[in-house]
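**Student:** Pasting coords.txt below, which is compact mmCIF, C-alpha atoms.
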```txt
# COMPACT_ATOMS: atom_id res chain seq x y z
CA MET A 21 0.00 0.00 0.00
CA PRO A 22 1.40 3.46 -0.85
CA ARG A 23 2.71 5.41 2.15
CA TRP A 24 0.33 8.32 1.49
CA ILE A 25 -2.66 6.07 2.18
CA ASN A 26 -2.90 6.28 5.94
CA LEU A 27 -5.40 7.18 8.65
CA ALA A 28 -4.34 10.84 8.82
CA ASN A 29 -4.76 11.40 5.08
CA LEU A 30 -8.10 9.56 5.12
CA PHE A 31 -9.36 12.12 7.65
CA THR A 32 -8.12 14.90 5.36
CA LEU A 33 -9.84 13.30 2.35
CA THR A 34 -13.01 12.97 4.42
CA ARG A 35 -12.90 16.73 5.03
CA LEU A 36 -12.60 17.35 1.28
CA ILE A 37 -15.44 14.94 0.52
CA LEU A 38 -17.73 16.65 3.05
CA VAL A 39 -17.23 20.14 1.55
CA PRO A 40 -19.90 19.93 -1.21
CA PHE A 41 -22.40 18.39 1.22
CA VAL A 42 -21.88 21.19 3.75
CA ILE A 43 -22.25 23.81 1.02
CA GLN A 44 -25.39 22.15 -0.35
CA ALA A 45 -26.97 21.99 3.13
CA ILE A 46 -26.27 25.69 3.69
CA LEU A 47 -27.70 26.69 0.32
CA GLU A 48 -30.81 24.55 0.89
CA GLY A 49 -31.39 26.17 4.30
CA ARG A 50 -30.85 22.89 6.14
CA HIS A 51 -29.04 24.63 8.99
CA ILE A 52 -28.84 21.75 11.46
CA LEU A 53 -27.46 19.37 8.84
CA ALA A 54 -25.01 22.04 7.65
CA LEU A 55 -23.75 22.61 11.18
CA LEU A 56 -23.39 18.88 11.88
CA LEU A 57 -21.51 18.25 8.64
CA PHE A 58 -19.33 21.32 9.12
CA THR A 59 -18.37 20.44 12.70
CA THR A 60 -17.57 16.90 11.58
CA ALA A 61 -15.39 18.22 8.75
CA ALA A 62 -13.74 20.77 11.05
CA ALA A 63 -13.00 18.06 13.62
CA THR A 64 -11.07 16.10 11.00
CA ASP A 65 -8.68 19.07 10.82
CA ALA A 66 -7.56 18.45 14.39
CA ILE A 67 -7.72 14.67 14.11
CA ASP A 68 -5.66 14.32 10.92
CA GLY A 69 -2.66 16.18 12.34
CA ALA A 70 -2.82 14.33 15.64
CA ALA A 71 -3.08 10.98 13.84
CA ALA A 72 -0.15 11.82 11.55
CA ARG A 73 2.06 12.64 14.53
CA TYR A 74 0.87 9.77 16.72
CA PHE A 75 1.28 7.10 14.04
CA ASP A 76 4.34 8.82 12.54
CA VAL A 77 2.78 8.95 9.09
CA ILE A 78 3.52 12.54 8.12
CA THR A 79 3.73 12.54 4.32
CA PRO A 80 4.28 15.16 1.62
CA THR A 81 0.82 14.28 0.28
CA GLY A 82 -0.75 15.07 3.64
CA SER A 83 1.25 18.28 3.91
CA TYR A 84 -0.23 19.45 0.60
CA LEU A 85 -3.75 18.06 1.04
CA ASP A 86 -4.37 19.43 4.55
CA PRO A 87 -4.21 23.16 3.69
CA ILE A 88 -6.14 22.52 0.46
CA ALA A 89 -8.88 20.80 2.45
CA ASP A 90 -8.93 23.69 4.94
CA LYS A 91 -9.19 26.31 2.18
CA CYS A 92 -11.93 24.38 0.34
CA LEU A 93 -13.95 23.88 3.52
CA LEU A 94 -13.69 27.37 4.96
CA SER A 95 -13.83 29.33 1.71
CA GLY A 96 -16.70 27.17 0.47
CA VAL A 97 -18.65 27.52 3.70
CA PHE A 98 -18.20 31.29 3.92
CA LEU A 99 -19.10 31.69 0.25
CA ALA A 100 -22.25 29.58 0.75
CA LEU A 101 -23.13 31.56 3.89
CA ALA A 102 -22.80 34.81 1.88
CA VAL A 103 -24.88 33.46 -1.02
CA ALA A 104 -27.54 32.44 1.52
CA GLY A 105 -27.50 35.98 2.91
CA ILE A 106 -26.16 34.87 6.29
CA VAL A 107 -22.73 36.54 6.44
CA PRO A 108 -21.71 39.82 4.79
CA TRP A 109 -20.04 39.69 1.37
CA TRP A 110 -17.24 42.09 2.37
CA PHE A 111 -16.15 39.59 5.03
CA VAL A 112 -16.02 36.74 2.52
CA ALA A 113 -14.07 38.96 0.12
CA VAL A 114 -11.36 39.49 2.75
CA ILE A 115 -11.04 35.76 3.46
CA PHE A 116 -10.95 34.91 -0.26
CA SER A 117 -8.46 37.68 -0.99
CA ARG A 118 -6.07 36.45 1.67
CA ASP A 119 -6.32 32.86 0.42
CA VAL A 120 -5.81 33.84 -3.23
CA TYR A 121 -2.88 36.06 -2.21
CA ILE A 122 -1.23 33.19 -0.31
CA LEU A 123 -1.74 30.80 -3.23
CA MET A 124 -0.20 33.31 -5.65
CA ALA A 125 2.74 33.89 -3.29
CA VAL A 126 3.35 30.14 -2.97
CA ALA A 127 3.20 29.79 -6.77
CA ALA A 128 5.76 32.59 -7.11
CA LEU A 129 8.05 30.93 -4.57
CA LEU A 130 7.68 27.58 -6.36
CA LEU A 131 8.64 29.19 -9.66
CA ALA A 132 11.44 31.42 -8.39
CA THR A 133 13.08 29.35 -5.66
CA PRO A 134 13.89 25.72 -4.83
CA VAL A 135 11.62 25.95 -1.76
CA ARG A 136 9.04 23.17 -1.76
CA LYS A 137 7.91 23.07 1.86
CA PHE A 138 5.49 25.59 3.29
CA PRO A 139 4.65 24.47 6.80
CA PRO A 140 1.70 26.15 8.48
CA SER A 141 2.48 28.91 10.93
CA VAL A 142 0.99 29.23 14.37
CA TRP A 143 -0.91 32.30 13.10
CA GLY A 144 -2.28 30.31 10.18
CA LYS A 145 -3.54 27.67 12.60
CA VAL A 146 -5.06 30.30 14.89
CA SER A 147 -6.71 31.95 11.89
CA THR A 148 -8.19 28.60 10.81
CA LEU A 149 -9.51 27.95 14.32
CA VAL A 150 -11.07 31.42 14.57
CA GLN A 151 -12.62 31.02 11.11
CA ILE A 152 -14.11 27.68 12.19
CA LEU A 153 -15.51 29.22 15.40
CA THR A 154 -16.91 32.14 13.42
CA ALA A 155 -18.65 29.83 10.93
CA VAL A 156 -20.06 27.71 13.77
CA THR A 157 -21.35 30.83 15.52
CA TRP A 158 -23.09 32.11 12.39
CA MET A 159 -24.61 28.70 11.63
CA ALA A 160 -25.74 28.20 15.24
CA ARG A 161 -27.32 31.67 15.15
CA ASP A 162 -29.71 30.52 12.42
CA ILE A 163 -30.63 27.35 14.27
CA LEU A 164 -31.12 28.63 17.81
CA GLU A 165 -32.31 32.19 17.19
CA VAL A 166 -30.91 33.24 20.57
CA ARG A 167 -30.28 36.96 20.94
CA VAL A 168 -26.81 36.54 22.38
CA LEU A 169 -25.78 34.57 19.26
CA ASN A 170 -26.85 37.49 17.07
CA SER A 171 -24.46 39.75 18.95
CA LEU A 172 -21.71 37.13 19.25
CA SER A 173 -21.80 36.27 15.55
CA THR A 174 -21.39 39.93 14.62
CA VAL A 175 -18.59 40.39 17.14
CA MET A 176 -16.82 37.24 15.85
CA LEU A 177 -16.35 38.86 12.45
CA TRP A 178 -13.72 41.23 13.84
CA PRO A 179 -11.28 38.81 15.52
CA CYS A 180 -11.74 36.51 12.52
CA LEU A 181 -10.89 39.37 10.20
CA ALA A 182 -7.90 40.39 12.35
CA PHE A 183 -6.42 36.88 12.54
CA THR A 184 -7.05 36.28 8.84
CA LEU A 185 -5.20 39.46 7.90
CA TRP A 186 -2.44 38.94 10.46
CA SER A 187 -1.78 35.40 9.24
CA GLY A 188 -1.54 36.76 5.68
CA ILE A 189 1.01 39.33 6.84
CA HIS A 190 2.93 36.66 8.74
CA TYR A 191 2.98 34.32 5.74
CA THR A 192 4.25 37.23 3.63
CA TRP A 193 7.08 37.83 6.11
CA ARG A 194 7.97 34.11 6.08
CA GLY A 195 7.83 34.01 2.29
CA VAL A 196 10.21 36.95 2.00
CA GLN A 197 12.60 35.23 4.39
CA LEU A 198 12.45 32.01 2.37
CA ALA A 199 13.03 33.86 -0.89
CA ARG A 200 16.03 35.72 0.56
CA ALA A 201 17.51 32.51 1.93
CA HIS A 202 17.48 30.94 -1.54
```
Starting from the coordinates I provided, produce the structure as structure tokens.
**Tutor:**
Amino acid sequence: MPRWINLANLFTLTRLILVPFVIQAILEGRHILALLLFTTAAATDAIDGAAARYFDVITPTGSYLDPIADKCLLSGVFLALAVAGIVPWWFVAVIFSRDVYILMAVAALLLATPVRKFPPSVWGKVSTLVQILTAVTWMARDILEVRVLNSLSTVMLWPCLAFTLWSGIHYTWRGVQLARAH
């Protein structure tokens, strides 16, 4: 069996497979299903890394697939939430812009340098966690219709925005350092 086929990568693939189902549930207004599928997919983000370290099956395939799965899940969910009129479009534009910017920067580094490894930063991980919590808050708001969730979901936009932008700045700084080193 190829080394890339392992428990950790299966969790990552599960996250990718769940993305269209989460998006469909959001767009169809099936809020409880969307939240259940999203939290399941988001949980695989923590589980895949832990499994890779525990079973010592960290692979280049997993290193590439994990951030792709994260971007597909979070960008897809926020886009679907905006299309459904749940989150503001400007917020989604910031998240998308940061992700596109990072992808373009990585492509430039791949073309211009011998660098082939782009490990996640602590700020990237924090940004992902805050984006997950923000999405959960907005989805829960539509299910529970509790006043405090209305306020909390609006408030969550700002730390999410801050961590998203800060992680983009941090990745830029790291990219410049990598480019200078090579």
**Student:** Would you kindly return, as a PDB file with C-alpha atoms, keeping the file's coordinate frame, each protein, DNA or RNA residue with an atom no farther than 7 Å from any atom of segment 64-75 of chain A, considering all atoms listed in the file and excluding same-chain residues fewer than 2 positions away?
**Tutor:**
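Contents of out-v2.pdb, freshly written:
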```
ATOM      1  CA  LEU A  27      -5.400   7.180   8.650  1.00  0.00           C
ATOM      2  CA  ALA A  28      -4.340  10.840   8.820  1.00  0.00           C
ATOM      3  CA  ASN A  29      -4.760  11.400   5.080  1.00  0.00           C
ATOM      4  CA  PHE A  31      -9.360  12.120   7.650  1.00  0.00           C
ATOM      5  CA  THR A  32      -8.120  14.900   5.360  1.00  0.00           C
ATOM      6  CA  ARG A  35     -12.900  16.730   5.030  1.00  0.00           C
ATOM      7  CA  THR A  60     -17.570  16.900  11.580  1.00  0.00           C
ATOM      8  CA  ALA A  61     -15.390  18.220   8.750  1.00  0.00           C
ATOM      9  CA  ALA A  62     -13.740  20.770  11.050  1.00  0.00           C
ATOM     10  CA  VAL A  77       2.780   8.950   9.090  1.00  0.00           C
ATOM     11  CA  ILE A  78       3.520  12.540   8.120  1.00  0.00           C
TER      12      ILE A  78
END
```
**Student:** Skip segment 177-184 of chain A itself and residues of its chain fewer than 5 positions away, then list as a PyMOL selection string all residues within 9 Å of it, counting only C-alpha atoms.
**Tutor:** chain A and resi 111+114-115+118+143-144+146-148+150-151+153-154+172+189
**Student:** Mind pulling up the distance from atom CA of Tyr121 of chain A to atom CA of Thr133 of chain A?
**Tutor:** 17.7 Å
**Student:** When distances are computed from only C-alpha atoms, which of A:Val126, A:Leu47, A:Leu93, A:Val168 shows the smallest separation from Tyr191 of chain A?
**Tutor:**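 Nearest candidate to Tyr191 of chain A out of A:Val126, A:Leu47, A:Leu93, A:Val168: A:Val126.
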**Student:** Could you tell me which of A:Val135, A:Asn170, A:Phe41, A:Val107 comes closest to Gln197 of chain A if we count all atoms listed in the file?
**Tutor:**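 Nearest candidate to Gln197 of chain A out of A:Val135, A:Asn170, A:Phe41, A:Val107: A:Val135.
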**Student:** Provide the atom CA of Gly195 of chain A to atom CA of Leu129 of chain A distance in Å, to one decimal place.
**Tutor:**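 About the pair atom CA of Gly195 of chain A and atom CA of Leu129 of chain A: they are 7.5 Å apart.
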**Student:** Could you work out how far atom CA of Ala102 of chain A lies from atom CA of Tyr84 of chain A, giving the answer in Å with one decimal?
**Tutor:** 27.3 Å
**Student:** Which residue, A:Val175, A:Leu101, A:Leu94, A:Val120, has the smallest gap to Gly188 of chain A when you use only C-alpha atoms?
**Tutor:**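 With only C-alpha atoms as the atom set, the closest residue is A:Val120.
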**Student:** With all atoms listed in the file as the basis for distance, which of A:Ala199, A:Leu149, A:Leu38, A:Gly49 is at the shortest distance from Leu131 of chain A?
**Tutor:**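 Nearest to Leu131 of chain A: A:Ala199.
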**Student:** With 3 Å on each side, where is the centre of the axis-aligned box around all listed atoms of segment 178-196 of chain A, and how long are its edges in Å to one decimal, as AutoDock Vina command-line options?
**Tutor:**
```
--center_x -1.8 --center_y 37.6 --center_z 8.8 --size_x 29.9 --size_y 13.2 --size_z 19.5
```
**Student:** So that I can see what lies close to Val112 of chain A, please list as number ranges by chain the residues with an atom at most 7 Å from it, counting all atoms listed in the file and leaving out residues fewer than 3 positions away in the same chain.
**Tutor:** A: 98-99, 108-109, 115-116
**Student:** Which residues come within 8 Å of Leu33 of chain A, counting all atoms listed in the file, excluding same-chain residues fewer than 3 positions away, as a count of residues only?
**Tutor:** 6
